[in-house]
>>> print(open('entry-v2.csv').read())   # CSV, C-alpha atoms
chain,number,residue,atom,x,y,z
A,1,ASN,CA,2.0,1.0,-5.1
A,2,LEU,CA,3.7,4.1,-3.6
A,3,ALA,CA,4.6,5.4,-7.0
A,4,ALA,CA,1.0,4.9,-8.2
A,5,ALA,CA,-0.5,6.6,-5.2
A,6,VAL,CA,1.8,9.6,-5.5
A,7,GLU,CA,1.1,9.8,-9.3
A,8,GLU,CA,-2.7,9.8,-8.6
A,9,TRP,CA,-2.3,12.4,-5.9
A,10,GLN,CA,-0.3,14.9,-7.9
A,11,GLY,CA,-2.3,18.0,-8.5
A,12,SER,CA,-4.9,17.1,-5.9
A,13,SER,CA,-5.9,19.5,-3.1
A,14,SER,CA,-6.0,16.7,-0.6
A,15,ARG,CA,-3.3,15.7,1.8
A,16,LEU,CA,-1.4,12.5,1.1
A,17,GLU,CA,0.1,10.6,4.0
A,18,VAL,CA,1.5,7.2,3.4
A,19,LEU,CA,2.3,4.6,6.0
A,20,CYS,CA,4.6,1.9,4.7
A,21,LEU,CA,5.2,-1.2,6.9
A,22,GLU,CA,8.1,-3.3,5.9
A,23,SER,CA,9.7,-6.1,7.9
A,24,ASP,CA,12.8,-6.5,5.7
A,25,PRO,CA,14.6,-3.3,4.7
A,26,GLN,CA,16.5,-5.3,2.1
A,27,VAL,CA,13.3,-5.4,0.0
A,28,ILE,CA,13.3,-1.6,-0.2
A,29,GLU,CA,17.1,-1.5,-0.8
A,30,ALA,CA,16.7,-4.0,-3.7
A,31,ALA,CA,14.0,-1.9,-5.3
A,32,LEU,CA,16.0,1.3,-5.0
A,33,ALA,CA,19.1,-0.4,-6.4
A,34,LEU,CA,17.1,-1.9,-9.3
A,35,HIS,CA,15.7,1.6,-10.0
A,36,GLN,CA,19.2,3.0,-10.1
A,37,THR,CA,20.6,0.4,-12.5
A,38,GLN,CA,17.6,0.1,-14.8
A,39,SER,CA,14.3,1.8,-14.8
A,40,LEU,CA,11.4,0.0,-13.2
A,41,ALA,CA,9.0,1.4,-15.8
A,42,PRO,CA,9.0,2.3,-19.5
A,43,PRO,CA,9.5,6.0,-20.4
A,44,GLY,CA,6.5,8.1,-19.5
A,45,PRO,CA,4.3,8.9,-16.4
A,46,ALA,CA,5.1,5.6,-14.6
A,47,ARG,CA,8.9,6.2,-14.8
A,48,ALA,CA,8.4,9.8,-13.6
A,49,ALA,CA,6.4,8.5,-10.7
A,50,TYR,CA,9.2,6.1,-9.7
A,51,GLN,CA,11.7,8.9,-9.9
A,52,ARG,CA,9.5,11.0,-7.6
A,53,ILE,CA,9.5,8.4,-4.8
A,54,ALA,CA,13.1,7.1,-5.0
A,55,GLU,CA,14.7,10.0,-3.0
A,56,PRO,CA,12.1,10.2,-0.2
A,57,LEU,CA,12.0,6.4,0.1
A,58,ALA,CA,15.8,6.2,0.3
A,59,GLN,CA,15.9,9.0,2.9
A,60,ALA,CA,13.2,7.3,5.0
A,61,LEU,CA,15.0,4.0,4.8
A,62,THR,CA,18.2,5.6,6.1
A,63,LEU,CA,16.4,7.2,9.0
A,64,ALA,CA,14.3,4.1,9.8
A,65,ARG,CA,17.3,1.8,9.9
A,66,SER,CA,18.6,3.7,12.9
A,67,GLN,CA,15.3,4.6,14.5
A,68,GLY,CA,13.0,1.8,13.5
A,69,ASN,CA,10.7,4.3,11.8
A,70,ALA,CA,10.9,7.6,10.0
A,71,VAL,CA,8.7,10.3,8.7
A,72,VAL,CA,9.8,12.2,5.6
A,73,GLU,CA,8.0,15.1,3.8
A,74,HIS,CA,8.6,15.4,0.1
A,75,ALA,CA,6.9,17.7,-2.4
A,76,GLY,CA,3.9,18.1,-0.1
A,77,TRP,CA,3.3,14.5,0.8
A,78,HIS,CA,4.4,12.5,3.9
A,79,LEU,CA,6.0,9.1,4.0
A,80,HIS,CA,6.0,7.2,7.3
A,81,LEU,CA,8.2,4.1,7.0
A,82,CYS,CA,8.2,1.7,9.8
A,83,LEU,CA,10.5,-1.3,9.9
A,84,GLY,CA,9.4,-4.4,11.8
A,85,ASP,CA,6.5,-6.7,12.2
A,86,ALA,CA,3.4,-5.1,10.7
A,87,ARG,CA,1.1,-7.0,13.1
A,88,VAL,CA,2.8,-5.2,16.0
A,89,SER,CA,3.3,-1.8,14.2
A,90,LEU,CA,-0.1,-1.3,12.7
A,91,PRO,CA,-2.2,-0.8,15.9
A,92,ALA,CA,0.4,1.7,17.3
A,93,LEU,CA,0.7,3.7,14.0
A,94,ALA,CA,-2.9,3.8,12.7
A,95,ARG,CA,-3.9,7.1,14.2
A,96,GLU,CA,-6.4,8.0,11.5
A,97,PRO,CA,-8.5,5.6,9.4
A,98,PHE,CA,-7.0,4.7,6.0
A,99,ASP,CA,-8.7,5.7,2.8
A,100,ALA,CA,-6.7,3.2,0.8
A,101,VAL,CA,-4.8,0.0,1.6
A,102,PHE,CA,-2.3,-1.7,-0.8
A,103,LEU,CA,-1.8,-5.2,0.6
A,104,ASP,CA,1.2,-6.5,-1.2
A,105,ALA,CA,3.1,-8.8,1.2
A,106,PHE,CA,4.8,-11.8,-0.4
A,107,SER,CA,2.4,-14.5,-1.4
A,108,PRO,CA,0.2,-16.2,1.2
A,109,GLY,CA,2.3,-19.3,0.9
A,110,VAL,CA,5.5,-17.4,1.8
A,111,GLU,CA,4.3,-14.9,4.4
A,112,GLN,CA,1.3,-16.6,5.8
A,113,GLU,CA,1.2,-14.4,8.9
A,114,LEU,CA,0.4,-11.2,6.8
A,115,TRP,CA,-2.5,-12.9,5.2
A,116,ASP,CA,-3.9,-14.5,8.4
A,117,TRP,CA,-7.6,-13.7,9.2
A,118,THR,CA,-6.5,-12.0,12.4
A,119,PHE,CA,-4.2,-9.5,10.6
A,120,LEU,CA,-6.8,-8.9,7.8
A,121,ALA,CA,-9.3,-8.0,10.5
A,122,GLN,CA,-6.8,-5.7,12.1
A,123,ILE,CA,-6.3,-4.0,8.7
A,124,ALA,CA,-10.1,-3.7,8.2
A,125,ARG,CA,-10.5,-2.0,11.6
A,126,CYS,CA,-8.1,0.7,10.4
A,127,MET,CA,-10.0,1.4,7.2
A,128,ALA,CA,-12.3,4.4,6.9
A,129,PRO,CA,-16.0,3.7,5.9
A,130,GLN,CA,-15.3,4.7,2.2
A,131,ALA,CA,-11.8,3.0,2.1
A,132,LEU,CA,-10.7,0.6,-0.6
A,133,LEU,CA,-8.2,-2.3,-0.2
A,134,SER,CA,-6.4,-3.6,-3.2
A,135,THR,CA,-4.2,-6.6,-3.4
A,136,TYR,CA,-2.8,-8.8,-6.2
A,137,THR,CA,-3.8,-12.1,-4.7
A,138,VAL,CA,-7.0,-14.0,-5.6
A,139,SER,CA,-6.4,-16.5,-2.8
A,140,MET,CA,-9.8,-17.8,-1.6
A,141,GLY,CA,-8.4,-17.9,1.9
A,142,VAL,CA,-7.5,-14.2,1.8
A,143,ARG,CA,-10.9,-13.4,0.3
A,144,ALA,CA,-12.6,-15.4,3.0
A,145,GLY,CA,-10.5,-13.5,5.6
A,146,LEU,CA,-11.5,-10.2,4.2
A,147,LEU,CA,-15.2,-11.3,4.2
A,148,ALA,CA,-14.9,-12.5,7.8
A,149,ALA,CA,-13.5,-9.1,8.7
A,150,GLY,CA,-16.8,-7.6,7.4
A,151,LEU,CA,-15.5,-6.3,4.1
A,152,ARG,CA,-17.2,-6.8,0.8
A,153,VAL,CA,-14.9,-8.4,-1.8
A,154,GLY,CA,-14.8,-8.2,-5.6
A,155,ALA,CA,-12.4,-8.9,-8.4
A,156,GLY,CA,-9.6,-6.4,-8.8
A,157,PRO,CA,-7.7,-5.3,-11.9
A,158,ARG,CA,-5.2,-7.5,-13.8
A,159,VAL,CA,-1.9,-7.6,-11.9
A,160,GLY,CA,1.1,-8.7,-13.9
A,161,ALA,CA,0.4,-12.1,-15.5
A,162,LYS,CA,-2.6,-12.8,-13.2
A,163,ALA,CA,-6.1,-12.5,-14.6
A,164,SER,CA,-7.2,-10.3,-11.7
A,165,GLY,CA,-6.5,-9.2,-8.1
A,166,THR,CA,-8.9,-8.5,-5.3
A,167,LEU,CA,-10.7,-5.4,-4.1
A,168,ALA,CA,-12.4,-5.0,-0.7
A,169,SER,CA,-14.4,-2.3,0.9
A,170,TRP,CA,-17.0,-1.7,3.5
A,171,GLU,CA,-19.4,-0.8,0.6
A,172,ALA,CA,-20.5,-2.9,-2.3
A,173,PRO,CA,-17.8,-4.8,-4.2
A,174,LEU,CA,-16.5,-2.9,-7.1
A,175,ALA,CA,-16.2,-4.1,-10.7
A,176,SER,CA,-12.7,-2.5,-11.2
A,177,LEU,CA,-10.1,-0.3,-9.7
A,178,ASP,CA,-10.8,2.4,-12.2
A,179,GLN,CA,-14.5,2.5,-11.0
A,180,ALA,CA,-13.2,2.6,-7.4
A,181,LEU,CA,-10.9,5.5,-8.1
A,182,MET,CA,-13.6,7.4,-10.0
A,183,ILE,CA,-15.9,7.1,-7.0
A,184,LYS,CA,-13.1,8.2,-4.6
A,185,LEU,CA,-12.3,11.2,-6.8
A,186,GLU,CA,-16.0,12.2,-7.1
A,187,ARG,CA,-16.3,12.4,-3.3
>>> encode(input="entry-v2.csv", output="structure tokens")
Amino acid sequence: NLAAAVEEWQGSSSRLEVLCLESDPQVIEAALALHQTQSLAPPGPARAAYQRIAEPLAQALTLARSQGNAVVEHAGWHLHLCLGDARVSLPALAREPFDAVFLDAFSPGVEQELWDWTFLAQIARCMAPQALLSTYTVSMGVRAGLLAAGLRVGAGPRVGAKASGTLASWEAPLASLDQALMIKLER
């Protein structure tokens, strides 16, 4: 998600500030190690995007391990990495509303607390009026939680082997992530 966001942002005149909440630093370590031993993407723009984020992510992880969180600037964008429980971290760190949210915790069956209706409402409160939330899950419980938080929900793009994911926004549900990105870019 970080690589995709940075890739979309490249060449934009807008500011990109990313808040990454992670409870287990080993998840980031594993992704960085995998990227070093084998590419996470085929040759082309996706591989270049991964390469652009590897160094700042590694730097942020090193700092966050000793401080709990870190802010790193790289090539004009900021990465704020906070290690710990997202349910505790989010209210303290969400100083400005989010324009985009990538919700990609482990599955609702594994990390139930990060898909709980209470946490989904907390995320929704941090979203700007035109914000878009994207997640790979199609769980009816998660979709119901997003609806209960006041968001409108629609089918998202295909994610891996899944037929679709989920999109949510304060505005009408969108037919696709491409449509959502086009609307965001036109604003």
>>> residues_around(input="entry-v2.csv", residues="range 74-88 of chain A", least_positions_apart="4", cutoff="7 Å", atoms="only C-alpha atoms", output="list in words")
Arg15, Leu16, Glu17, Val18, Leu19, Cys20, Leu21, Glu22, Ser23, Pro25, Pro56, Ala60, Ala64, Gly68, Asn69, Ala70 and Phe119 of chain A
>>> atom_distance(input="entry-v2.csv", atom1="CA of Ala92 in chain A", atom2="CA of Val6 in chain A")
24.2 Å
>>> atom_distance(input="entry-v2.csv", atom1="CA of Ser89 in chain A", atom2="CA of Ala49 in chain A")
27.1 Å
>>> atom_distance(input="entry-v2.csv", atom1="CA of Leu132 in chain A", atom2="CA of Phe98 in chain A")
8.6 Å
>>> closest_atom_pairs(input="entry-v2.csv", of="range 18-114 of chain A", to="range 144-156 of chain A", cutoff="12 Å", atoms="only C-alpha atoms", output="Markdown table")
| residue | atom | partner | partner_atom | distance |
| --- | --- | --- | --- | --- |
| A:Phe102 | CA | A:Gly156 | CA | 11.8 |
| A:Leu103 | CA | A:Leu146 | CA | 11.5 |
| A:Pro108 | CA | A:Gly145 | CA | 11.9 |
| A:Leu114 | CA | A:Gly145 | CA | 11.2 |
>>> closest_residue(input="entry-v2.csv", among="A:Ile28, A:Val142, A:Ala131, A:Ala163", to="Ala100 in chain A", atoms="all atoms listed in the file")
A:Ala131
>>> closest_residue(input="entry-v2.csv", among="A:Val27, A:Leu167, A:Ile123, A:Leu34", to="Thr135 in chain A", atoms="only C-alpha atoms")
A:Leu167
>>> closest_residue(input="entry-v2.csv", among="A:Glu111, A:Asp104, A:Glu29, A:Glu171", to="Leu2 in chain A", atoms="only C-alpha atoms")
A:Asp104
>>> closest_residue(input="entry-v2.csv", among="A:Gln122, A:Arg143, A:Tyr136, A:Trp117", to="Arg158 in chain A", atoms="all atoms listed in the file")
A:Tyr136
>>> residues_around(input="entry-v2.csv", residues="Ala3 in chain A", least_positions_apart="4", cutoff="9 Å", atoms="only C-alpha atoms", output="PyMOL selection string")
chain A and resi 7-8+46-54
>>> residues_near_point(input="entry-v2.csv", point="(-3.5, -10.3, -8.5)", cutoff="6 Å", atoms="all atoms listed in the file", output="list in words")
Tyr136, Thr137, Val138, Val159, Lys162, Ser164 and Gly165 of chain A
>>> build_atoms(input="entry-v2.csv", residues="range 19-30 of chain A", atoms="all heavy atoms", output="compact mmCIF listing (two decimals), keeping the file's coordinate frame")
# COMPACT_ATOMS: atom_id res chain seq x y z
N LEU A 19 1.65 5.40 4.97
CA LEU A 19 2.30 4.60 6.00
C LEU A 19 2.74 3.30 5.30
O LEU A 19 1.94 2.56 4.72
CB LEU A 19 1.28 4.23 7.11
CG LEU A 19 1.76 3.22 8.15
CD1 LEU A 19 3.01 3.73 8.87
CD2 LEU A 19 0.65 2.92 9.13
N CYS A 20 4.03 3.07 5.32
CA CYS A 20 4.60 1.90 4.70
C CYS A 20 5.21 1.02 5.79
O CYS A 20 6.08 1.45 6.53
CB CYS A 20 5.71 2.35 3.71
SG CYS A 20 6.53 1.00 2.88
N LEU A 21 4.70 -0.20 5.88
CA LEU A 21 5.20 -1.20 6.90
C LEU A 21 6.02 -2.20 6.16
O LEU A 21 5.53 -2.83 5.22
CB LEU A 21 4.01 -1.82 7.60
CG LEU A 21 3.01 -0.87 8.24
CD1 LEU A 21 1.82 -1.63 8.80
CD2 LEU A 21 3.68 -0.06 9.34
N GLU A 22 7.24 -2.37 6.58
CA GLU A 22 8.10 -3.30 5.90
C GLU A 22 8.97 -4.05 6.97
O GLU A 22 9.60 -3.42 7.80
CB GLU A 22 9.06 -2.59 4.95
CG GLU A 22 10.05 -3.48 4.24
CD GLU A 22 9.38 -4.60 3.45
OE1 GLU A 22 8.60 -4.30 2.52
OE2 GLU A 22 9.63 -5.78 3.77
N SER A 23 8.94 -5.37 6.92
CA SER A 23 9.70 -6.10 7.90
C SER A 23 11.18 -6.25 7.48
O SER A 23 12.06 -6.32 8.32
CB SER A 23 9.12 -7.54 8.08
OG SER A 23 9.19 -8.26 6.87
N ASP A 24 11.44 -6.26 6.18
CA ASP A 24 12.80 -6.50 5.70
C ASP A 24 13.28 -5.28 4.88
O ASP A 24 12.87 -5.10 3.73
CB ASP A 24 12.82 -7.74 4.82
CG ASP A 24 14.21 -8.13 4.36
OD1 ASP A 24 15.18 -7.39 4.66
OD2 ASP A 24 14.33 -9.17 3.70
N PRO A 25 14.16 -4.46 5.45
CA PRO A 25 14.60 -3.30 4.70
C PRO A 25 15.36 -3.63 3.41
O PRO A 25 15.45 -2.80 2.51
CB PRO A 25 15.58 -2.60 5.70
CG PRO A 25 15.88 -3.59 6.75
CD PRO A 25 14.77 -4.59 6.75
N GLN A 26 15.83 -4.86 3.29
CA GLN A 26 16.50 -5.30 2.10
C GLN A 26 15.58 -5.28 0.86
O GLN A 26 16.02 -5.12 -0.28
CB GLN A 26 17.19 -6.63 2.24
CG GLN A 26 18.35 -6.56 3.22
CD GLN A 26 18.99 -7.92 3.43
OE1 GLN A 26 18.41 -8.95 3.15
NE2 GLN A 26 20.21 -7.89 3.96
N VAL A 27 14.28 -5.43 1.10
CA VAL A 27 13.30 -5.40 0.00
C VAL A 27 13.32 -3.98 -0.61
O VAL A 27 13.35 -3.82 -1.84
CB VAL A 27 11.90 -5.77 0.49
CG1 VAL A 27 10.85 -5.51 -0.58
CG2 VAL A 27 11.88 -7.23 0.93
N ILE A 28 13.30 -2.96 0.24
CA ILE A 28 13.30 -1.60 -0.20
C ILE A 28 14.68 -1.27 -0.88
O ILE A 28 14.74 -0.65 -1.94
CB ILE A 28 13.02 -0.59 0.89
CG1 ILE A 28 11.60 -0.85 1.42
CG2 ILE A 28 13.17 0.86 0.42
CD1 ILE A 28 11.25 -0.07 2.66
N GLU A 29 15.75 -1.71 -0.25
CA GLU A 29 17.10 -1.50 -0.80
C GLU A 29 17.19 -2.11 -2.21
O GLU A 29 17.73 -1.48 -3.13
CB GLU A 29 18.16 -2.15 0.07
CG GLU A 29 18.45 -1.39 1.32
CD GLU A 29 19.45 -2.14 2.21
OE1 GLU A 29 19.75 -3.32 1.94
OE2 GLU A 29 19.92 -1.52 3.17
N ALA A 30 16.68 -3.31 -2.38
CA ALA A 30 16.70 -4.00 -3.70
C ALA A 30 15.95 -3.21 -4.73
O ALA A 30 16.40 -3.06 -5.87
CB ALA A 30 16.23 -5.41 -3.57
